[in-house]
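Below is one structure, written out as structure tokens; comments come after it.
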Amino acid sequence: MVIDWEQVRDEVTGHLQALLRINTVNPPGNETAAAAYLASVAREAGIAGEIVEGAPGRGNFVARLAGGGAGRPVALLGHTDVVGVEPEHWTHDPFGGTVADGYVWGRGAVDMKNQVAANLMVLLLLKREGVALGRDVILAAFADEEAGSRWGAGWLWEHRRDLIDAEYGLNEFGGQPVEVAGRRFYTVQVGEKGAARMRITARGEPGHASVPRRDTAMERLGRALVRLHEFAPPTIIVPQVARMLRTIGAAGGPEGVATVKRLLAAPGEASLAALPLDEQMRAMLLATTRNTAVPTIVRGGHRINVIPSEVSVDVDGRILPGEDPADWARQVQAAVGGEVEVELLDGAPGVAADPDSPFFDAIAAAMDDEAPGSALLPYVVSGGTDARLLPGIKVYGFMPSRSGEDIAGRMHAHDERVRVDDLLFATRCLYGVVARFCAA
């Protein structure tokens, strides 16, 4: 039976519109309403599913198509909560699910109700087409990703792991087309940085602000922030990034291979700059070849006329897979100097999946069907996803886009939107991956 992809275009677009019209801004979340929609669609198709709440209103939806047990399941992962909006800055209602100018508009259109809708469509097609599965296929739509996943992926992994445990998973990020040496590649996220959130605190003698003092807490913090800004962390090439660099080098022929070989032998910012990449790719590579520490929140003082005795700044630290949060905090302490105190507030290791796997190969084969002549480019993302809370699953980020528009730049932005054509393209690709890998 041949799939009518024009019908699928309308169907998956309709599911995305329905999800966008459910306001799941987190907090408070209200993800149970989105889970109920997914459950109703699955139930009508004869697919077993369950809504599981970590807290009232914080619903996660999990559905499963049973396979023959030839291997552990594959999980299609996503989250239904979204960040807040400033409606006055939007062209269309952020919760209207409007289709206009070839796009679906709304909060969550690219982060990440689009992938939830595509995942749902993949499950429906597998059921509808009667695909004989050698392993189970799981659909998991989590709550609370935008605020720490306390009631979402983390809660399910701790309390209902039986519902979502899988060998491989497909999640957000990845799928962006990039041109390297005249060849089209599609990125696949094979790792993400962990967290090392810190607080830098400076202390000094207080006093009346009408009488200036030297060496105040504010001055000490200022000096520390200048040192942090000037700090050049060491370049670290994790195996997943090394694989990405070798892929880029191979695309450039013998000269590209030689360039990457020199880079890996003596990694540094200057050698990274020699790669044939655009500014966006170069910035991403720079962020994923070092640990980072970026000041974000300043605290201190209680009256305009009082020199404060204590001021602090919170620092968003990100660490590469294999790096230790406490060790990175010690490096930051050494960089900013001993006149301030660096405290590690919380930390979590990065995660990574192996690009040399049968599942990665299945992604490559499916993309060769949909975009002949293209190849995959594994990479590590500088941000974080729910994958960090699912340590037993090898998670790959992949939501392919044909247009090549800056989809990541629309995440959390005004006028968030996704092309209808890109949504269909992603659905076709994800269906191809799962049907190929999971077929009996």
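Convention: chains lettered A, B, ... in structure tokens order; per-chain residue numbering from 1; ligands numbered from 1 as shown.
With only C-alpha atoms taken into account, the protein and nucleic acid residues at most 12 Å from Arg161 (chain A) (excluding it and anything under 4 positions from it in its own chain) are Val52, Val62, Ala140, Gly152, Ala153, Gly154, Trp155, Leu156, Trp157, Asp165, Ala166, Leu389, Leu390, Pro391, Gly392 and Ile393 of chain A.
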Using N, CA and C atoms, can you write the selected residues to a file as a tab-separated table (two decimals), in the first residue's frame?
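Saved to out33.tsv:
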```
chain	number	residue	atom	x	y	z
A	52	VAL	N	0.13	9.61	32.53
A	52	VAL	CA	0.72	9.45	33.86
A	52	VAL	C	1.08	10.83	34.39
A	62	VAL	N	2.22	8.25	27.26
A	62	VAL	CA	3.06	7.19	26.71
A	62	VAL	C	2.17	6.20	25.97
A	140	ALA	N	6.59	8.85	23.67
A	140	ALA	CA	6.57	9.47	25.00
A	140	ALA	C	6.55	10.98	24.84
A	152	GLY	N	8.35	15.42	34.55
A	152	GLY	CA	8.31	14.82	33.23
A	152	GLY	C	9.22	13.62	33.10
A	153	ALA	N	10.24	13.74	32.25
A	153	ALA	CA	11.12	12.61	31.96
A	153	ALA	C	11.78	12.07	33.22
A	154	GLY	N	12.25	12.98	34.08
A	154	GLY	CA	12.91	12.53	35.31
A	154	GLY	C	11.98	11.74	36.20
A	155	TRP	N	10.73	12.23	36.33
A	155	TRP	CA	9.76	11.54	37.18
A	155	TRP	C	9.42	10.16	36.62
A	156	LEU	N	9.20	10.10	35.30
A	156	LEU	CA	8.86	8.81	34.68
A	156	LEU	C	10.01	7.82	34.80
A	157	TRP	N	11.24	8.28	34.59
A	157	TRP	CA	12.38	7.37	34.67
A	157	TRP	C	12.53	6.81	36.07
A	165	ASP	N	11.46	2.66	28.99
A	165	ASP	CA	12.80	2.09	28.83
A	165	ASP	C	12.97	1.57	27.41
A	166	ALA	N	14.06	1.96	26.76
A	166	ALA	CA	14.27	1.61	25.36
A	166	ALA	C	15.77	1.52	25.10
A	389	LEU	N	18.19	12.81	31.53
A	389	LEU	CA	17.48	12.12	32.60
A	389	LEU	C	17.11	10.69	32.22
A	390	LEU	N	17.57	10.25	31.05
A	390	LEU	CA	17.25	8.91	30.56
A	390	LEU	C	18.55	8.16	30.29
A	391	PRO	N	19.33	7.88	31.33
A	391	PRO	CA	20.68	7.35	31.12
A	391	PRO	C	20.73	5.97	30.49
A	392	GLY	N	19.63	5.25	30.50
A	392	GLY	CA	19.63	3.91	29.92
A	392	GLY	C	19.30	3.87	28.45
A	393	ILE	N	19.00	5.04	27.84
A	393	ILE	CA	18.58	5.10	26.44
A	393	ILE	C	19.64	5.85	25.63
```
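Omitting region 336-349 of chain A and its sequence neighbours fewer than 3 positions away, and counting only C-alpha atoms, the residues within 6 Å are A:Gly194, A:Ala195, A:Ala196, A:Arg197, A:Met198, A:Arg199, A:Ile200, A:Thr201, A:Ala202, A:Ala224, A:Arg227, A:Leu228, A:Pro325, A:Gln333.
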Would you export the selected residues with N, CA and C atoms as a PDB file, in the first residue's frame, please?
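The resulting part.pdb:
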```
ATOM      1  N   GLY A 194      26.639  18.951  29.848  1.00  0.00           N
ATOM      2  CA  GLY A 194      26.028  18.925  31.166  1.00  0.00           C
ATOM      3  C   GLY A 194      26.072  20.307  31.804  1.00  0.00           C
ATOM      4  N   ALA A 195      25.643  20.362  33.048  1.00  0.00           N
ATOM      5  CA  ALA A 195      25.520  21.645  33.748  1.00  0.00           C
ATOM      6  C   ALA A 195      26.472  21.722  34.932  1.00  0.00           C
ATOM      7  N   ALA A 196      26.926  22.947  35.196  1.00  0.00           N
ATOM      8  CA  ALA A 196      27.709  23.245  36.395  1.00  0.00           C
ATOM      9  C   ALA A 196      27.369  24.672  36.797  1.00  0.00           C
ATOM     10  N   ARG A 197      26.222  24.834  37.429  1.00  0.00           N
ATOM     11  CA  ARG A 197      25.767  26.176  37.792  1.00  0.00           C
ATOM     12  C   ARG A 197      26.462  26.632  39.064  1.00  0.00           C
ATOM     13  N   MET A 198      26.961  27.853  39.004  1.00  0.00           N
ATOM     14  CA  MET A 198      27.809  28.363  40.081  1.00  0.00           C
ATOM     15  C   MET A 198      27.329  29.732  40.555  1.00  0.00           C
ATOM     16  N   ARG A 199      27.821  30.112  41.730  1.00  0.00           N
ATOM     17  CA  ARG A 199      27.613  31.469  42.237  1.00  0.00           C
ATOM     18  C   ARG A 199      28.963  32.020  42.677  1.00  0.00           C
ATOM     19  N   ILE A 200      29.280  33.194  42.145  1.00  0.00           N
ATOM     20  CA  ILE A 200      30.505  33.886  42.547  1.00  0.00           C
ATOM     21  C   ILE A 200      30.110  34.976  43.541  1.00  0.00           C
ATOM     22  N   THR A 201      30.677  34.930  44.741  1.00  0.00           N
ATOM     23  CA  THR A 201      30.320  35.873  45.802  1.00  0.00           C
ATOM     24  C   THR A 201      31.542  36.675  46.231  1.00  0.00           C
ATOM     25  N   ALA A 202      31.354  37.972  46.341  1.00  0.00           N
ATOM     26  CA  ALA A 202      32.402  38.866  46.841  1.00  0.00           C
ATOM     27  C   ALA A 202      31.912  39.537  48.115  1.00  0.00           C
ATOM     28  N   ALA A 224      36.661  40.242  39.399  1.00  0.00           N
ATOM     29  CA  ALA A 224      36.495  38.809  39.125  1.00  0.00           C
ATOM     30  C   ALA A 224      35.793  38.580  37.790  1.00  0.00           C
ATOM     31  N   ARG A 227      38.176  39.071  34.939  1.00  0.00           N
ATOM     32  CA  ARG A 227      39.048  37.891  34.797  1.00  0.00           C
ATOM     33  C   ARG A 227      38.292  36.729  34.145  1.00  0.00           C
ATOM     34  N   LEU A 228      37.030  36.558  34.532  1.00  0.00           N
ATOM     35  CA  LEU A 228      36.241  35.477  33.934  1.00  0.00           C
ATOM     36  C   LEU A 228      36.051  35.716  32.443  1.00  0.00           C
ATOM     37  N   PRO A 325      31.509  18.448  37.071  1.00  0.00           N
ATOM     38  CA  PRO A 325      31.074  19.792  37.472  1.00  0.00           C
ATOM     39  C   PRO A 325      31.954  20.422  38.551  1.00  0.00           C
ATOM     40  N   GLN A 333      37.227  28.996  39.792  1.00  0.00           N
ATOM     41  CA  GLN A 333      37.762  29.659  40.986  1.00  0.00           C
ATOM     42  C   GLN A 333      39.190  30.131  40.751  1.00  0.00           C
TER      43      GLN A 333
END
```
Test item, strand (DSSP E or B) assignment across region 159-389 of chain A, answer as a PyMOL selection string: chain A and resi 168-171+177-180+183-192+194-203+207-208+292-300+306-307+310-319+340-348+351-352+375-381
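Here CA of Gly130 (chain A) stands at a distance of 10.7 Å from CA of Ala435 (chain A).
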Spatial neighbours of region 406-408 of chain A, max dist 12 Å, only C-alpha atoms, sep filter under 2 positions, as JSON, numbers by chain: {"A": [108, 109, 110, 111, 112, 114, 172, 173, 174, 175, 176, 177, 178, 280, 281, 284, 381, 383, 399, 400, 401, 402, 403, 404, 410, 411, 412, 413, 415, 416, 417, 418, 419, 422, 423]}
Within 9 Å of Ala75 (chain A) using only C-alpha atoms, minus same-chain residues under 4 positions, as a PyMOL selection string: chain A and resi 64+136-140+164-171+393+395
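Once Ala274 (chain A) and its same-chain neighbours fewer than 2 positions away are set aside, Leu245, Ile248, Gly249, Glu255, Gly256, Ala258, Thr259, Val260, Arg262, Leu263, Pro267, Gly268, Glu269, Ala270, Ser271, Leu272, Pro276, Leu277, Asp278, Glu279 and Arg282 of chain A remain within 12 Å of it when counting only C-alpha atoms.
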Would you output that residue set with C-alpha atoms, as a PDB file, in the first residue's frame?
```pdb
ATOM      1  CA  LEU A 245      35.506  17.070  12.533  1.00  0.00           C
ATOM      2  CA  ILE A 248      33.921  17.712   7.782  1.00  0.00           C
ATOM      3  CA  GLY A 249      37.537  17.048   6.823  1.00  0.00           C
ATOM      4  CA  GLU A 255      43.412  19.108   2.105  1.00  0.00           C
ATOM      5  CA  GLY A 256      40.421  18.941   4.473  1.00  0.00           C
ATOM      6  CA  ALA A 258      45.067  17.181   6.564  1.00  0.00           C
ATOM      7  CA  THR A 259      43.534  20.291   8.192  1.00  0.00           C
ATOM      8  CA  VAL A 260      41.509  18.214  10.630  1.00  0.00           C
ATOM      9  CA  ARG A 262      46.519  18.998  12.361  1.00  0.00           C
ATOM     10  CA  LEU A 263      43.621  20.322  14.457  1.00  0.00           C
ATOM     11  CA  PRO A 267      43.507  21.626  19.114  1.00  0.00           C
ATOM     12  CA  GLY A 268      42.873  25.302  19.670  1.00  0.00           C
ATOM     13  CA  GLU A 269      40.670  28.218  18.678  1.00  0.00           C
ATOM     14  CA  ALA A 270      42.940  29.256  15.808  1.00  0.00           C
ATOM     15  CA  SER A 271      42.919  25.801  14.220  1.00  0.00           C
ATOM     16  CA  LEU A 272      39.122  25.584  14.599  1.00  0.00           C
ATOM     17  CA  PRO A 276      35.414  25.770   6.057  1.00  0.00           C
ATOM     18  CA  LEU A 277      32.340  26.591   8.163  1.00  0.00           C
ATOM     19  CA  ASP A 278      29.862  29.450   8.310  1.00  0.00           C
ATOM     20  CA  GLU A 279      29.669  31.687  11.371  1.00  0.00           C
ATOM     21  CA  ARG A 282      31.795  27.936  13.896  1.00  0.00           C
TER      22      ARG A 282
END
```
Shell around Gly300 (chain A) at 7 Å using only C-alpha atoms, local window under 3 positions removed, as an MDAnalysis selection string: chainID A and resid 308 310:312
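Of the listed residues (A:Ala265, A:Ala55, A:Val104, A:Val12), A:Val12 comes nearest to Leu424 (chain A); the distances count only C-alpha atoms.
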Best match for closeness to Phe360 (chain A) among A:Arg21, A:Arg436, A:His92, A:Arg330, counting only C-alpha atoms: A:Arg436
Skip Leu19 (chain A) itself and residues of its chain fewer than 4 positions away, then list as an mmCIF file with C-alpha atoms, in the first residue's frame all residues within 7 Å of it, counting only C-alpha atoms.
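Below is the file part-v1.cif, written as the result:
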```cif
data_model
loop_
_atom_site.group_PDB
_atom_site.id
_atom_site.type_symbol
_atom_site.label_atom_id
_atom_site.label_comp_id
_atom_site.auth_asym_id
_atom_site.auth_seq_id
_atom_site.Cartn_x
_atom_site.Cartn_y
_atom_site.Cartn_z
ATOM 1 C CA HIS A 15 -2.380 17.556 14.930
ATOM 2 C CA ALA A 34 -2.104 17.986 25.678
ATOM 3 C CA LYS A 113 5.112 20.321 19.538
#
```
Nearest to Pro212 (chain A) by atom-to-atom distance, counting only C-alpha atoms, from A:Val74, A:Leu264, A:Ile307, A:Val241: A:Ile307
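The interatomic distance for the pair CA of Arg72 (chain A) and CA of Ala132 (chain A) works out to 15.2 Å.
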Every residue of region 123-301 of chain A that DSSP places in helix (DSSP H, G or I), as an mmCIF file with C-alpha atoms, in the first residue's frame:
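So the final result, stored in result_10.cif, reads:
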```cif
data_model
loop_
_atom_site.group_PDB
_atom_site.id
_atom_site.type_symbol
_atom_site.label_atom_id
_atom_site.label_comp_id
_atom_site.auth_asym_id
_atom_site.auth_seq_id
_atom_site.Cartn_x
_atom_site.Cartn_y
_atom_site.Cartn_z
ATOM 1 C CA LEU A 123 2.896 5.838 15.213
ATOM 2 C CA LEU A 124 -0.395 6.245 13.358
ATOM 3 C CA LEU A 125 1.222 5.332 10.040
ATOM 4 C CA LEU A 126 2.930 2.261 11.463
ATOM 5 C CA LYS A 127 -0.430 1.077 12.785
ATOM 6 C CA ARG A 128 -2.369 2.053 9.670
ATOM 7 C CA GLU A 145 11.053 19.979 30.157
ATOM 8 C CA GLU A 146 11.255 23.777 30.112
ATOM 9 C CA ALA A 147 11.502 24.020 33.908
ATOM 10 C CA ALA A 153 11.120 12.613 31.962
ATOM 11 C CA GLY A 154 12.909 12.533 35.307
ATOM 12 C CA TRP A 155 9.762 11.538 37.178
ATOM 13 C CA LEU A 156 8.865 8.814 34.684
ATOM 14 C CA TRP A 157 12.384 7.371 34.667
ATOM 15 C CA GLU A 158 12.339 7.173 38.446
ATOM 16 C CA HIS A 159 8.760 5.974 38.999
ATOM 17 C CA ARG A 161 10.678 3.320 33.882
ATOM 18 C CA ASP A 162 8.871 0.271 32.524
ATOM 19 C CA LEU A 163 6.812 2.548 30.291
ATOM 20 C CA ILE A 164 9.692 4.280 28.527
ATOM 21 C CA ALA A 217 32.558 43.792 47.563
ATOM 22 C CA MET A 218 31.328 45.401 44.352
ATOM 23 C CA GLU A 219 34.849 46.225 43.198
ATOM 24 C CA ARG A 220 36.069 42.715 43.966
ATOM 25 C CA LEU A 221 33.206 41.199 42.016
ATOM 26 C CA GLY A 222 33.918 43.535 39.108
ATOM 27 C CA ARG A 223 37.565 42.453 38.971
ATOM 28 C CA ALA A 224 36.495 38.809 39.125
ATOM 29 C CA LEU A 225 34.065 39.232 36.232
ATOM 30 C CA VAL A 226 36.762 40.860 34.084
ATOM 31 C CA ARG A 227 39.048 37.891 34.797
ATOM 32 C CA LEU A 228 36.241 35.477 33.934
ATOM 33 C CA HIS A 229 35.621 37.293 30.662
ATOM 34 C CA GLU A 230 39.315 37.080 29.765
ATOM 35 C CA PRO A 239 35.030 11.588 20.643
ATOM 36 C CA GLN A 240 31.679 12.703 19.181
ATOM 37 C CA VAL A 241 33.107 16.070 18.133
ATOM 38 C CA ALA A 242 36.216 14.376 16.738
ATOM 39 C CA ARG A 243 33.911 12.260 14.569
ATOM 40 C CA MET A 244 32.173 15.440 13.398
ATOM 41 C CA LEU A 245 35.506 17.070 12.533
ATOM 42 C CA ARG A 246 36.690 14.040 10.575
ATOM 43 C CA THR A 247 33.423 14.047 8.633
ATOM 44 C CA ILE A 248 33.921 17.712 7.782
ATOM 45 C CA GLY A 249 37.537 17.048 6.823
ATOM 46 C CA ALA A 250 36.648 14.146 4.539
ATOM 47 C CA ALA A 251 34.176 16.358 2.661
ATOM 48 C CA GLY A 253 39.207 16.028 0.240
ATOM 49 C CA PRO A 254 42.909 15.489 1.047
ATOM 50 C CA GLU A 255 43.412 19.108 2.105
ATOM 51 C CA GLY A 256 40.421 18.941 4.473
ATOM 52 C CA VAL A 257 41.626 15.667 5.958
ATOM 53 C CA ALA A 258 45.067 17.181 6.564
ATOM 54 C CA THR A 259 43.534 20.291 8.192
ATOM 55 C CA VAL A 260 41.509 18.214 10.630
ATOM 56 C CA LYS A 261 44.460 15.959 11.362
ATOM 57 C CA ARG A 262 46.519 18.998 12.361
ATOM 58 C CA LEU A 263 43.621 20.322 14.457
ATOM 59 C CA LEU A 264 43.222 17.068 16.375
ATOM 60 C CA ALA A 265 46.957 16.904 16.989
ATOM 61 C CA GLU A 269 40.670 28.218 18.678
ATOM 62 C CA ALA A 270 42.940 29.256 15.808
ATOM 63 C CA SER A 271 42.919 25.801 14.220
ATOM 64 C CA LEU A 272 39.122 25.584 14.599
ATOM 65 C CA ALA A 273 38.827 28.889 12.725
ATOM 66 C CA GLU A 279 29.669 31.687 11.371
ATOM 67 C CA GLN A 280 26.760 29.809 12.935
ATOM 68 C CA MET A 281 28.521 26.445 12.674
ATOM 69 C CA ARG A 282 31.795 27.936 13.896
ATOM 70 C CA ALA A 283 30.095 29.415 16.987
ATOM 71 C CA MET A 284 28.434 26.066 17.723
ATOM 72 C CA LEU A 285 31.744 24.242 17.372
ATOM 73 C CA LEU A 286 33.518 26.717 19.639
ATOM 74 C CA ALA A 287 30.864 26.193 22.345
#
```
Atomic separation - CA of Ala375 (chain A) relative to CA of Arg183 (chain A), Å: 8.2 Å
